[in-house]
Protein chains: 2
Amino acid sequence: MELYLIRHGIAALRENYAKDEERPLTDKGRQKTAKVAKQLHARGLRFDLILTSPLVRARETATILQDAGLASHVEEFAALAPDGNIATWLGWLEQRWQQEARDKSLALVGHQPDLGNWAETFVWGEAQEKLVLKKAGIIGINIPDTQSPIGQSELFLLSSPKWLA
Amino acid sequence: MELYLIRHGIAALRENYAKDEERPLTDKGRQKTAKVAKQLHARGLRFDLILTSPLVRARETATILQDAGLASHVEEFAALAPDGNIATWLGWLEQRWQQEARDKSLALVGHQPDLGNWAETFVWGEAQEKLVLKKAGIIGINIPDTQSPIGQSELFLLSSPKWLA
């Protein structure tokens with residue numbers, strides 16, 4: 001199955017919000033994210049499901065992807081918040097998704113450095129923070145259908161608004 | 001500096017050519033490669049130099065990139081042929097290019113699995129063949145200006161005609 005890791009768009013500055021999790025996308029962030037979403041849709045990408053971090057800037061990004069027609073279903077997933085635990089997501093994958101997921105496409109919307117670290121862990125077995133994932137950028141990975149993705153996956157896409165919007 | 005690794009476009013079948021190195025791009029290969037080149041140019045990409053494998057399908061790809069305005073200089077480089085030796089290229093980089101290459105952009109046109117293996121070696125220190133680089137696809141890497149790139153580089157782009165053309 002295909003797994004896409006998408007970083008939220010440009011968000012409002014931290015100093016203007018009491019709680020980090022409440023920071024929304026800026027106008028520019030919304031525009032760039034919508035352009036990326038439109039391009040991805042035009043190139044035929046569709047997700048069977050989007051899981052998003054519960055933080056406002058991630059939820060807004062997921063909604064933009066949904067509104068562009070990339071997916072009909074969006075669900076919040078607590079472990080996609082900053083410093084979330086990859087093991088929680090792996091458990092979810094194994095129990096609910098992977099068995100029936102051949103030829104399916106799943107998107108996770110979240111934060112750096114977590115998404116890059118997860119991608120490196122899936123592909124090379126460990127995180128070295130060597131992937132540059134820009135805001136509203138996307139990573140695409142082929143993960144195996146019947147075993148753990150850790151160190152068993154392939155990277156086929158790493159791109160950013162510069163190349164996509 | 002930025003290093004781009006670009007795989008040649010779709011080439012004629014091996015059975016129709018006595019020598020593998022003489023296989024040219026097909027019409028479809030030329031068209032797809034030209035579309036990718038046009039998009040890369042529109043997004044502001046420019047190379048200070050393109051080094052190409054001496055094989056026909058690579059030289060033709062390099063010429064298409066040059067004709068799209070991506071670079072004014074193209075040179076053949078024997079070590080970019082299949083199974084070429086990365087050490088030869090590293091020696092060239094150190095002697096001729098890296099000293100004066102801050103803010104410069106260099107493209108290598110060549111073959112799989114070599115290009116993917118080189119990219120993994122630059123970024124993670126060893127090749128595991130986990131990067132999917134399609135024909136006319138591109139890898140973008142930030143390599144350090146003053147030391148060996150091996151295991152010291154960052155990956156910022158991995159894309160293919162599906163996402164670029």
# chains A, B, ... in the order shown; residues from 1 in each chain; ligands from 1

$ closest_atom_pairs --of "chain A" --to "chain B" --cutoff "8 Å" --atoms "only C-alpha atoms" --output "tab-separated table"
residue	atom	partner	partner_atom	distance
A:Leu40	CA	B:Trp163	CA	7.7
A:Arg43	CA	B:Trp163	CA	6.6
A:Val123	CA	B:Lys130	CA	6.7
A:Trp124	CA	B:Lys130	CA	7.6
A:Gln128	CA	B:Trp124	CA	7.9
A:Lys130	CA	B:Glu154	CA	4.8
A:Leu131	CA	B:Leu155	CA	5.1
A:Val132	CA	B:Phe156	CA	4.8
A:Leu133	CA	B:Phe156	CA	6.9
A:Ser153	CA	B:Lys130	CA	7.2
A:Glu154	CA	B:Lys130	CA	4.8
A:Leu155	CA	B:Leu131	CA	5.1
A:Phe156	CA	B:Val132	CA	4.8
A:Leu157	CA	B:Leu158	CA	5.1
A:Leu158	CA	B:Leu158	CA	4.8
A:Ser159	CA	B:Leu157	CA	5.3
A:Ser160	CA	B:Leu157	CA	7.8
A:Lys162	CA	B:Arg43	CA	6.8
A:Trp163	CA	B:Arg43	CA	6.6
A:Leu164	CA	B:Trp163	CA	7.5

$ atom_distance --atom1 "CA of Gly137 (chain A)" --atom2 "CA of Lys32 (chain A)"
10.1 Å

$ residues_around --residues "Leu70 (chain A)" --least-positions-apart "5" --cutoff "10 Å" --atoms "only C-alpha atoms" --output "list in words"
Ala37, Lys38, Leu40, His41, Ala42, Gly44, Leu45, Arg46, Phe47, Asp48, Leu49, Ile50, Ala62, Thr63, Ile64, Leu65 and Ala107 of chain A

$ atom_distance --atom1 "CA of Pro149 (chain B)" --atom2 "CA of Asp114 (chain A)"
24.5 Å

$ select_by_dssp --residues "chain B" --states "strand (DSSP E or B)" --output "count of residues only"
33

$ residues_around --residues "Ser53 (chain B)" --least-positions-apart "5" --cutoff "9 Å" --atoms "only C-alpha atoms" --output "NGL selection string"
:B and (58-59 or 62 or 75-82 or 108-111)

$ closest_residue --among "A:Thr146, A:Ser105, A:Asn117, A:Asn85" --to "Glu2 (chain A)" --atoms "only C-alpha atoms"
A:Ser105

$ closest_residue --among "B:Leu106, B:Pro54, B:Trp118, B:Ile6" --to "Ser72 (chain B)" --atoms "only C-alpha atoms"
B:Leu106

$ atom_distance --atom1 "CA of Lys135 (chain B)" --atom2 "CA of Pro161 (chain B)"
7.9 Å

$ residues_around --residues "Ala11 (chain B)" --least-positions-apart "5" --cutoff "7 Å" --atoms "only C-alpha atoms" --output "MDAnalysis selection string"
chainID B and resid 23:26 29 57

$ write_last_selection --atoms "C-alpha atoms" --output "PDB file, in the first residue's frame"
ATOM      1  CA  ARG B  23      20.071   2.658 -27.412  1.00  0.00           C
ATOM      2  CA  PRO B  24      18.388   6.043 -27.983  1.00  0.00           C
ATOM      3  CA  LEU B  25      15.321   7.490 -26.236  1.00  0.00           C
ATOM      4  CA  THR B  26      11.971   6.526 -27.740  1.00  0.00           C
ATOM      5  CA  GLY B  29      10.816   9.015 -23.741  1.00  0.00           C
ATOM      6  CA  ARG B  57      20.128   7.563 -23.861  1.00  0.00           C
TER       7      ARG B  57
END

$ closest_residue --among "B:Thr61, B:Leu51, B:Ala87, B:Asp145" --to "Tyr4 (chain B)" --atoms "only C-alpha atoms"
B:Leu51
